[in-house]
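Below is final.cif, which holds mmCIF, C-alpha atoms.
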```cif
data_entry
loop_
_atom_site.label_atom_id
_atom_site.label_comp_id
_atom_site.auth_asym_id
_atom_site.auth_seq_id
_atom_site.Cartn_x
_atom_site.Cartn_y
_atom_site.Cartn_z
CA MET A 15 -13.67 12.46 -5.73
CA ILE A 16 -12.20 12.42 -2.19
CA PRO A 17 -11.86 8.73 -1.30
CA GLN A 18 -13.08 7.87 2.21
CA PHE A 19 -10.25 5.55 3.24
CA ILE A 20 -7.90 2.91 1.87
CA GLU A 21 -10.23 -0.05 1.44
CA HIS A 22 -7.42 -2.56 0.86
CA ILE A 23 -3.85 -3.11 -0.20
CA GLY A 24 -3.39 -5.99 -2.67
CA ILE A 25 -0.11 -7.87 -2.24
CA ALA A 26 1.23 -10.39 -4.76
CA VAL A 27 2.71 -13.46 -3.05
CA ASN A 28 4.18 -16.69 -4.36
CA SER A 29 2.13 -18.83 -2.00
CA LEU A 30 -0.73 -18.11 0.41
CA GLU A 31 0.28 -21.14 2.43
CA GLU A 32 3.76 -19.72 3.03
CA SER A 33 2.57 -16.11 3.48
CA ILE A 34 -0.39 -16.39 5.86
CA PRO A 35 1.88 -17.52 8.78
CA TYR A 36 3.94 -14.30 8.48
CA TYR A 37 0.84 -12.09 8.69
CA GLU A 38 -0.63 -14.14 11.53
CA ASN A 39 2.42 -15.04 13.63
CA VAL A 40 4.67 -12.03 13.09
CA LEU A 41 2.20 -9.18 12.53
CA GLY A 42 -0.51 -10.73 14.67
CA LEU A 43 -3.32 -10.20 12.14
CA LYS A 44 -6.03 -12.82 11.64
CA CYS A 45 -6.83 -14.32 8.24
CA TYR A 46 -10.63 -14.10 8.22
CA ALA A 47 -11.34 -15.36 4.68
CA VAL A 48 -9.76 -17.21 1.77
CA GLU A 49 -11.52 -16.82 -1.57
CA GLU A 50 -10.77 -17.96 -5.13
CA VAL A 51 -11.57 -15.42 -7.88
CA THR A 52 -11.60 -17.68 -10.94
CA ASP A 53 -11.90 -14.98 -13.63
CA GLN A 54 -8.81 -13.22 -12.24
CA LYS A 55 -6.98 -16.55 -11.77
CA VAL A 56 -6.11 -15.78 -8.17
CA LYS A 57 -6.62 -17.12 -4.68
CA THR A 58 -6.91 -14.40 -2.04
CA ALA A 59 -6.51 -14.27 1.74
CA PHE A 60 -7.93 -11.36 3.75
CA PHE A 61 -6.74 -9.65 6.93
CA LYS A 62 -7.99 -6.45 8.56
CA VAL A 63 -5.89 -3.72 10.14
CA GLY A 64 -7.76 -0.60 11.24
CA GLN A 65 -10.02 0.57 8.38
CA THR A 66 -7.99 -1.30 5.77
CA LYS A 67 -7.87 -4.87 4.53
CA ILE A 68 -4.73 -6.61 3.39
CA GLU A 69 -5.51 -8.89 0.45
CA LEU A 70 -2.81 -11.45 -0.36
CA LEU A 71 -2.97 -12.64 -3.97
CA GLU A 72 -1.59 -15.94 -5.25
CA ALA A 73 -1.74 -16.83 -8.95
CA THR A 74 -3.65 -20.01 -9.79
CA SER A 75 -2.27 -20.14 -13.34
CA PRO A 76 0.96 -19.02 -15.08
CA ASP A 77 -1.08 -16.54 -17.19
CA SER A 78 -2.67 -14.91 -14.14
CA PRO A 79 -2.00 -11.14 -13.84
CA ILE A 80 -0.36 -11.92 -10.49
CA ALA A 81 2.05 -14.43 -12.03
CA LYS A 82 3.02 -11.83 -14.63
CA PHE A 83 3.47 -9.14 -11.98
CA ILE A 84 5.76 -11.37 -9.88
CA GLU A 85 7.76 -12.37 -12.96
CA LYS A 86 8.39 -8.69 -13.74
CA LYS A 87 8.74 -7.08 -10.32
CA GLY A 88 8.92 -9.86 -7.73
CA PRO A 89 6.44 -10.34 -4.87
CA GLY A 90 5.20 -7.11 -3.29
CA VAL A 91 2.41 -4.54 -3.31
CA HIS A 92 0.31 -5.09 -6.44
CA HIS A 93 -2.45 -2.50 -6.07
CA MET A 94 -4.02 0.07 -3.75
CA ALA A 95 -7.81 0.36 -3.41
CA PHE A 96 -9.79 3.38 -2.25
CA ALA A 97 -13.32 3.31 -0.83
CA VAL A 98 -15.52 5.81 -2.70
CA GLU A 99 -19.17 6.70 -3.07
CA ASN A 100 -21.01 7.02 -6.42
CA LEU A 101 -18.40 4.96 -8.25
CA GLU A 102 -20.10 5.14 -11.65
CA GLN A 103 -20.14 8.93 -11.58
CA GLN A 104 -16.55 9.11 -10.26
CA LEU A 105 -15.33 7.03 -13.22
CA GLU A 106 -16.97 9.42 -15.67
CA THR A 107 -15.42 12.42 -13.95
CA ILE A 108 -11.88 11.07 -13.83
CA ALA A 109 -12.08 9.77 -17.42
CA GLN A 110 -12.94 13.35 -18.44
CA LYS A 111 -9.77 14.41 -16.61
CA GLY A 112 -7.74 12.14 -18.91
CA VAL A 113 -7.29 9.13 -16.61
CA GLN A 114 -7.17 5.84 -18.52
CA LEU A 115 -9.69 3.36 -17.09
CA ILE A 116 -9.22 -0.42 -17.14
CA ASP A 117 -12.91 -0.86 -16.27
CA GLN A 118 -15.17 1.66 -18.00
CA THR A 119 -18.03 0.77 -15.68
CA PRO A 120 -18.12 -0.87 -12.24
CA ARG A 121 -18.01 -4.66 -11.98
CA LYS A 122 -18.45 -7.09 -9.09
CA GLY A 123 -15.32 -7.71 -7.02
CA ALA A 124 -14.48 -9.78 -3.95
CA GLU A 125 -16.78 -9.47 -0.91
CA GLY A 126 -19.66 -8.14 -3.06
CA LEU A 127 -18.06 -4.72 -3.64
CA HIS A 128 -18.52 -2.78 -6.88
CA ILE A 129 -15.05 -2.10 -8.23
CA ALA A 130 -13.13 -0.55 -11.11
CA PHE A 131 -9.41 -0.38 -11.86
CA LEU A 132 -7.55 2.66 -13.16
CA HIS A 133 -4.58 2.10 -15.45
CA PRO A 134 -1.15 2.49 -13.76
CA LYS A 135 -0.06 4.62 -16.73
CA SER A 136 -2.45 7.28 -15.44
CA THR A 137 -1.78 6.76 -11.73
CA LEU A 138 1.99 7.20 -11.48
CA GLY A 139 2.74 3.47 -11.64
CA VAL A 140 0.38 2.43 -8.84
CA LEU A 141 -2.35 0.11 -10.10
CA THR A 142 -5.37 1.74 -8.42
CA GLU A 143 -8.78 0.30 -7.65
CA LEU A 144 -11.90 2.19 -6.60
CA CYS A 145 -14.46 0.28 -4.49
CA GLU A 146 -18.03 1.05 -3.54
CA ASN A 147 -19.91 -0.84 -0.89
CA LYS A 148 -23.55 -0.50 -2.00
CA SER A 149 -24.82 -2.64 0.86
CA LYS A 150 -23.98 0.02 3.45
CA MET B 13 2.13 -7.37 17.79
CA ILE B 14 -1.27 -6.46 16.27
CA PRO B 15 -0.69 -3.16 14.43
CA GLN B 16 -3.40 -0.56 15.04
CA PHE B 17 -3.80 0.68 11.47
CA ILE B 18 -1.83 1.41 8.32
CA GLU B 19 0.01 4.59 9.24
CA HIS B 20 1.14 5.34 5.71
CA ILE B 21 1.89 3.99 2.27
CA GLY B 22 5.19 5.19 0.79
CA ILE B 23 5.10 5.65 -2.99
CA ALA B 24 8.21 6.20 -5.13
CA VAL B 25 7.64 8.86 -7.80
CA ASN B 26 9.90 10.43 -10.40
CA SER B 27 8.84 13.95 -9.50
CA LEU B 28 6.72 15.44 -6.70
CA GLU B 29 5.92 18.38 -8.94
CA GLU B 30 4.37 16.09 -11.57
CA SER B 31 2.73 13.76 -9.03
CA ILE B 32 1.03 16.10 -6.56
CA PRO B 33 -1.48 17.34 -9.20
CA TYR B 34 -2.71 13.75 -9.78
CA TYR B 35 -3.36 13.20 -6.06
CA GLU B 36 -4.98 16.63 -5.68
CA ASN B 37 -6.94 17.03 -8.92
CA VAL B 38 -7.90 13.44 -9.73
CA LEU B 39 -8.17 11.81 -6.29
CA GLY B 40 -9.19 15.03 -4.54
CA LEU B 41 -6.71 14.66 -1.66
CA LYS B 42 -4.90 17.66 -0.22
CA CYS B 43 -1.11 17.84 0.05
CA TYR B 44 -0.69 19.14 3.61
CA ALA B 45 3.12 19.01 3.90
CA VAL B 46 6.29 18.76 1.86
CA GLU B 47 9.42 17.78 3.76
CA GLU B 48 13.00 16.97 2.78
CA VAL B 49 14.64 14.07 4.67
CA THR B 50 18.30 14.71 3.91
CA ASP B 51 19.75 11.50 5.41
CA GLN B 52 17.40 9.41 3.23
CA LYS B 53 18.05 11.66 0.19
CA VAL B 54 14.34 12.13 -0.46
CA LYS B 55 11.73 14.84 -0.69
CA THR B 56 8.32 13.78 0.56
CA ALA B 57 4.77 15.05 0.08
CA PHE B 58 1.98 14.00 2.47
CA PHE B 59 -1.73 13.41 1.94
CA LYS B 60 -4.30 11.90 4.30
CA VAL B 61 -7.07 9.46 3.41
CA GLY B 62 -9.04 8.06 6.34
CA GLN B 63 -6.59 6.80 9.00
CA THR B 64 -3.75 6.51 6.52
CA LYS B 65 -1.24 8.91 5.01
CA ILE B 66 0.07 8.68 1.49
CA GLU B 67 3.74 9.68 1.40
CA LEU B 68 5.12 10.43 -2.06
CA LEU B 69 8.90 10.02 -2.24
CA GLU B 70 11.16 11.70 -4.78
CA ALA B 71 14.92 10.98 -4.84
CA THR B 72 17.15 14.02 -4.35
CA SER B 73 20.27 12.16 -5.50
CA PRO B 74 21.01 9.26 -7.92
CA ASP B 75 22.22 7.14 -4.95
CA SER B 76 19.01 7.66 -2.98
CA PRO B 77 17.21 4.39 -2.07
CA ILE B 78 14.23 5.76 -4.02
CA ALA B 79 16.30 6.28 -7.19
CA LYS B 80 17.54 2.69 -6.90
CA PHE B 81 14.02 1.37 -6.33
CA ILE B 82 12.68 3.17 -9.42
CA GLU B 83 15.62 1.98 -11.52
CA LYS B 84 14.83 -1.63 -10.57
CA LYS B 85 11.03 -1.70 -10.38
CA GLY B 86 9.73 1.56 -11.78
CA PRO B 87 7.62 4.10 -9.85
CA GLY B 88 5.09 2.54 -7.48
CA VAL B 89 4.47 1.49 -3.89
CA HIS B 90 7.81 1.50 -2.06
CA HIS B 91 6.82 0.56 1.49
CA MET B 92 3.92 -0.02 3.87
CA ALA B 93 3.98 1.35 7.43
CA PHE B 94 1.99 0.09 10.41
CA ALA B 95 1.18 2.08 13.54
CA VAL B 96 2.19 0.11 16.64
CA GLU B 97 2.65 0.64 20.36
CA ASN B 98 5.81 -0.27 22.32
CA LEU B 99 7.95 -0.32 19.18
CA GLU B 100 11.20 -1.20 20.97
CA GLN B 101 9.66 -4.29 22.53
CA GLN B 102 7.94 -5.30 19.26
CA LEU B 103 11.30 -5.23 17.46
CA GLU B 104 12.82 -7.60 20.03
CA THR B 105 9.88 -9.97 19.75
CA ILE B 106 9.85 -10.17 15.96
CA ALA B 107 13.65 -10.46 15.78
CA GLN B 108 13.30 -13.51 18.06
CA LYS B 109 10.81 -14.88 15.51
CA GLY B 110 13.55 -14.71 12.86
CA VAL B 111 12.54 -11.47 11.11
CA GLN B 112 15.55 -9.56 9.75
CA LEU B 113 15.53 -5.94 10.98
CA ILE B 114 16.99 -3.02 9.04
CA ASP B 115 16.83 -0.87 12.18
CA GLN B 116 17.73 -2.79 15.35
CA THR B 117 16.31 -0.01 17.50
CA PRO B 118 13.82 2.80 16.77
CA ARG B 119 15.05 5.99 15.10
CA LYS B 120 13.39 9.33 14.40
CA GLY B 121 11.34 9.47 11.19
CA ALA B 122 9.24 12.11 9.46
CA GLU B 123 6.64 13.97 11.53
CA GLY B 124 8.43 13.11 14.81
CA LEU B 125 7.46 9.43 14.75
CA HIS B 126 9.73 6.71 16.10
CA ILE B 127 10.24 4.25 13.27
CA ALA B 128 12.03 1.05 12.28
CA PHE B 129 12.19 -0.84 8.98
CA LEU B 130 11.96 -4.62 8.57
CA HIS B 131 13.88 -6.23 5.72
CA PRO B 132 11.75 -7.20 2.69
CA LYS B 133 13.49 -10.60 2.67
CA SER B 134 11.60 -11.35 5.89
CA THR B 135 8.31 -9.66 4.91
CA LEU B 136 7.44 -11.38 1.62
CA GLY B 137 8.95 -8.66 -0.57
CA VAL B 138 7.09 -5.75 1.04
CA LEU B 139 9.48 -3.27 2.65
CA THR B 140 7.71 -2.77 5.99
CA GLU B 141 7.98 0.06 8.48
CA LEU B 142 6.71 0.13 12.06
CA CYS B 143 5.85 3.56 13.52
CA GLU B 144 5.12 4.67 17.05
CA ASN B 145 3.67 8.05 17.89
CA LYS B 146 5.00 8.73 21.38
CA SER B 147 3.39 12.16 21.56
CA LYS B 148 -0.12 10.68 21.76
#
```
Can you give me the file's structure in the form of structure tokens?
Amino acid sequence: MIPQFIEHIGIAVNSLEESIPYYENVLGLKCYAVEEVTDQKVKTAFFKVGQTKIELLEATSPDSPIAKFIEKKGPGVHHMAFAVENLEQQLETIAQKGVQLIDQTPRKGAEGLHIAFLHPKSTLGVLTELCENKSK
Amino acid sequence: MIPQFIEHIGIAVNSLEESIPYYENVLGLKCYAVEEVTDQKVKTAFFKVGQTKIELLEATSPDSPIAKFIEKKGPGVHHMAFAVENLEQQLETIAQKGVQLIDQTPRKGAEGLHIAFLHPKSTLGVLTELCENKSK
């Protein structure tokens, strides 16, 4: 597959309001967007550092995947996302290699990207997302 | 501070031997170095994707920080490292902002970088490393 770069790092936080000041005032990054993804029950805040985005994730409901993650592991890195080309074909190839897919086919993610998640059981415990930017 | 890019992502794994094939055969990345860091009681394997390295970490002793991390949280992302300039000065500045430092002054890390860790209590649960490449 050979991913091109790390598209983003998803970080589970208890509260965007309490977390954005750390990224802005301590790390000096600028929050350039806040977006609610209703079907995932999360609110997200985006920062950019080099090629990579940092995506903070706050649960909007107790049954959000982010709420469950924090309950189990505490706040911290939730997933890692790679930028790839030909996502649909990549999913087929890695499924043939025995990787368990959460999304069998690409779906629409934040910022208009086509995305698919791989199951952490197949990715050594790291929830992994593949992203394709078809508008490029 | 404004970090330049994500220098690496440190990932705790049970076994390098079992993990390297996933990164090479499924993701298509190439392991370009394996290094033992005796004072941290870890063996590391390095891959590069875009600007960022992926650093797999295997404990070499049951009292390694990586063994303790896996016992508590399971295998997964252990830390996130930013490339910065003027590391010594950055540490002073962020300590003045109330961030708890694990390393008060830079020390030598893998690949000859000067590094310092910030405490996850001050970084929203994400163990955070700052790295300076003085040879550039």
task: Determine, counting all atoms listed in the file, which protein, DNA and RNA residues have an atom within 9 Å of an atom of region 48-59 of chain B; residues of the same chain fewer than 5 positions away are not included. Present the result as a ChimeraX atom specification.
output: /B:28,32,35-36,41-43,64-78,121-122
Go ahead and save the picked residues with C-alpha atoms, as a PDB file, in the coordinates of the input.
```pdb
ATOM      1  CA  LEU B  28       6.720  15.440  -6.700  1.00  0.00           C
ATOM      2  CA  ILE B  32       1.030  16.100  -6.560  1.00  0.00           C
ATOM      3  CA  TYR B  35      -3.360  13.200  -6.060  1.00  0.00           C
ATOM      4  CA  GLU B  36      -4.980  16.630  -5.680  1.00  0.00           C
ATOM      5  CA  LEU B  41      -6.710  14.660  -1.660  1.00  0.00           C
ATOM      6  CA  LYS B  42      -4.900  17.660  -0.220  1.00  0.00           C
ATOM      7  CA  CYS B  43      -1.110  17.840   0.050  1.00  0.00           C
ATOM      8  CA  THR B  64      -3.750   6.510   6.520  1.00  0.00           C
ATOM      9  CA  LYS B  65      -1.240   8.910   5.010  1.00  0.00           C
ATOM     10  CA  ILE B  66       0.070   8.680   1.490  1.00  0.00           C
ATOM     11  CA  GLU B  67       3.740   9.680   1.400  1.00  0.00           C
ATOM     12  CA  LEU B  68       5.120  10.430  -2.060  1.00  0.00           C
ATOM     13  CA  LEU B  69       8.900  10.020  -2.240  1.00  0.00           C
ATOM     14  CA  GLU B  70      11.160  11.700  -4.780  1.00  0.00           C
ATOM     15  CA  ALA B  71      14.920  10.980  -4.840  1.00  0.00           C
ATOM     16  CA  THR B  72      17.150  14.020  -4.350  1.00  0.00           C
ATOM     17  CA  SER B  73      20.270  12.160  -5.500  1.00  0.00           C
ATOM     18  CA  PRO B  74      21.010   9.260  -7.920  1.00  0.00           C
ATOM     19  CA  ASP B  75      22.220   7.140  -4.950  1.00  0.00           C
ATOM     20  CA  SER B  76      19.010   7.660  -2.980  1.00  0.00           C
ATOM     21  CA  PRO B  77      17.210   4.390  -2.070  1.00  0.00           C
ATOM     22  CA  ILE B  78      14.230   5.760  -4.020  1.00  0.00           C
ATOM     23  CA  GLY B 121      11.340   9.470  11.190  1.00  0.00           C
ATOM     24  CA  ALA B 122       9.240  12.110   9.460  1.00  0.00           C
TER      25      ALA B 122
END
```
message: What would the selection look like, as a PyMOL selection string, if the PyMOL selection byres ((chain B) within 6 of (chain A)) were run on the coordinates I just shared?
response: chain B and resi 13-14+16-17+39-41+61-62+85+87-88+137-138
field: Å distance separating CA of His133 (chain A) from CA of Leu142 (chain B), one decimal place
entry: 29.8 Å
- prompt: Distance CA of Asn147 (chain A)-CA of His128 (chain A), one decimal place?
  reply: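 Distance between the two atoms: 6.4 Å.
Relative to CA of Ala93 (chain B), CA of Thr117 (chain B) is found at 16.0 Å.
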message: Given the point (19.1, -6.1, 9.7) in the file's coordinates, find the residues that have an atom at most 9 Å from it, counting all atoms listed in the file, and give them as JSON, numbers by chain.
response: {"B": [111, 112, 113, 114, 115, 116, 129, 130, 131]}
- prompt: Near Leu125 (chain B), counting only C-alpha atoms, which residues have an atom at most 9 Å away, once you skip same-chain residues fewer than 2 positions from it, shown as a ChimeraX atom specification?
  reply: /B:119-123,127,143-147
So that I have them on file, write out the residues from the current selection with C-alpha atoms, as a PDB file, in the frame of the given file.
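Done, and the output landed in again-v7.pdb:
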```pdb
ATOM      1  CA  ARG B 119      15.050   5.990  15.100  1.00  0.00           C
ATOM      2  CA  LYS B 120      13.390   9.330  14.400  1.00  0.00           C
ATOM      3  CA  GLY B 121      11.340   9.470  11.190  1.00  0.00           C
ATOM      4  CA  ALA B 122       9.240  12.110   9.460  1.00  0.00           C
ATOM      5  CA  GLU B 123       6.640  13.970  11.530  1.00  0.00           C
ATOM      6  CA  ILE B 127      10.240   4.250  13.270  1.00  0.00           C
ATOM      7  CA  CYS B 143       5.850   3.560  13.520  1.00  0.00           C
ATOM      8  CA  GLU B 144       5.120   4.670  17.050  1.00  0.00           C
ATOM      9  CA  ASN B 145       3.670   8.050  17.890  1.00  0.00           C
ATOM     10  CA  LYS B 146       5.000   8.730  21.380  1.00  0.00           C
ATOM     11  CA  SER B 147       3.390  12.160  21.560  1.00  0.00           C
TER      12      SER B 147
END
```
- request: Would you mind telling me which residue in A:Glu85, A:Glu106, A:Glu99, A:Glu143 lies nearest to His22 (chain A) when using only C-alpha atoms?
  value: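 That would be A:Glu143, the residue with the smallest distance to His22 (chain A).
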